[in-house]
Amino acid sequence: EYQVPKEAEMKENSSNLTEEERFRPLTDLLIDLAGNNHETYTPETIMGMGFGELRDALLSFSPLDEDNVKRVNKAEAEFWRRSEGWQTKPSDQLLQFDCGGQQWVWEVCFPTGTYETNNGNDMKLLEELLQAIEDEDIAAPAPIEQRWSASSSSLMSPAHGELGGLHSWVGIIMYL
């Protein structure tokens, strides 16, 4: 079971790779796809592109082609692996993320028990969702997001429920 370290034991941990090294899986794939599609991306033209711009460019070659999306997802996973770590900063500096361009998001929220007793609905939904994606050969760009929250007393909240309740949120994103 994972134990959260005490603040005194925490040391800032971030990738020791350069930005160029972290982005290389994405930039290399973009140059490869561009060459195969007679586009004009070069190392010089992609140098200032951020993560979201790179992912948008990669998906734009064939956004509904399962094999292309799998290649993009693999490059993105490697980018995140190379970028892993943690740091402590004020929330206005840390909780910002370059999502990329336009997107359609389908999100659902549902009860999944309590903090003490999770009923398993959260993992069951994801297992069934991933199986359907594989069975139907759906081009599903990463990530499929899942997070949890406490129940809310607000009647308008999708997470409305009793005190101590636990809700799971699942979001599926399609980049345009």
# chains A, B, ... in the order shown; residues from 1 in each chain; ligands from 1
$ residues_around --residues "Asp32 of chain A" --least-positions-apart "6" --cutoff "12 Å" --atoms "only C-alpha atoms" --output "ChimeraX atom specification"
/A:24-26,38-43,58,61,68,71-72
$ residues_around --residues "Ile144 of chain A" --least-positions-apart "2" --cutoff "8 Å" --atoms "only C-alpha atoms" --output "VMD selection string"
chain A and resid 141 to 142 146 170 to 173
$ select_by_dssp --residues "segment 88-141 of chain A" --states "strand (DSSP E)" --output "VMD selection string"
chain A and resid 103 to 114
$ residues_around --residues "segment 15-22 of chain A" --least-positions-apart "2" --cutoff "8 Å" --atoms "only C-alpha atoms" --output "PyMOL selection string"
chain A and resi 13+24-25+79-80+82-85
$ write_last_selection --atoms "C-alpha atoms" --output "compact mmCIF listing (two decimals), in the first residue's frame"
# COMPACT_ATOMS: atom_id res chain seq x y z
CA ASN A 13 12.00 15.39 -8.07
CA ARG A 24 12.01 13.93 -28.86
CA PRO A 25 9.43 11.09 -29.16
CA PHE A 79 7.02 12.05 -23.47
CA TRP A 80 5.18 11.80 -20.13
CA ARG A 82 10.49 11.30 -19.69
CA SER A 83 8.74 14.21 -17.95
CA GLU A 84 7.69 12.44 -14.78
CA GLY A 85 8.51 13.83 -11.40
$ closest_residue --among "A:Thr114, A:Trp169, A:Ser149, A:Cys99" --to "Leu126 of chain A" --atoms "only C-alpha atoms"
A:Trp169
$ closest_residue --among "A:Val69, A:Met174, A:Asp137, A:Gln93" --to "Glu107 of chain A" --atoms "only C-alpha atoms"
A:Met174
$ residues_around --residues "Ala150 of chain A" --least-positions-apart "4" --cutoff "7 Å" --atoms "only C-alpha atoms" --output "VMD selection string"
chain A and resid 164 to 167
$ closest_residue --among "A:Thr112, A:Met156, A:Leu176, A:Ala75" --to "Lys124 of chain A" --atoms "only C-alpha atoms"
A:Thr112
$ residues_around --residues "Glu53 of chain A" --least-positions-apart "3" --cutoff "8 Å" --atoms "only C-alpha atoms" --output "PyMOL selection string"
chain A and resi 49-50+56-57+100-101
$ write_last_selection --atoms "N, CA, C and O atoms" --output "CSV table (one decimal), in the first residue's frame"
chain,number,residue,atom,x,y,z
A,49,MET,N,7.3,24.6,-30.7
A,49,MET,CA,6.0,24.1,-30.5
A,49,MET,C,5.9,23.4,-29.1
A,49,MET,O,6.8,22.8,-28.7
A,50,GLY,N,4.7,23.6,-28.4
A,50,GLY,CA,4.5,23.0,-27.1
A,50,GLY,C,3.9,21.7,-27.3
A,50,GLY,O,3.6,21.2,-28.4
A,56,ASP,N,-1.6,17.9,-31.5
A,56,ASP,CA,-2.5,18.3,-32.5
A,56,ASP,C,-2.0,18.1,-33.9
A,56,ASP,O,-2.7,17.5,-34.8
A,57,ALA,N,-0.7,18.4,-34.2
A,57,ALA,CA,-0.1,18.3,-35.5
A,57,ALA,C,0.0,16.8,-35.8
A,57,ALA,O,-0.3,16.4,-36.9
A,100,GLY,N,-3.8,21.7,-25.6
A,100,GLY,CA,-3.8,21.7,-27.1
A,100,GLY,C,-4.9,22.5,-27.7
A,100,GLY,O,-5.4,23.4,-27.0
A,101,GLY,N,-5.3,22.1,-28.9
A,101,GLY,CA,-6.3,22.9,-29.6
A,101,GLY,C,-7.7,22.6,-29.2
A,101,GLY,O,-8.0,22.2,-28.0
$ atom_distance --atom1 "atom CA of Glu136 of chain A" --atom2 "atom CA of Gln103 of chain A"
21.8 Å
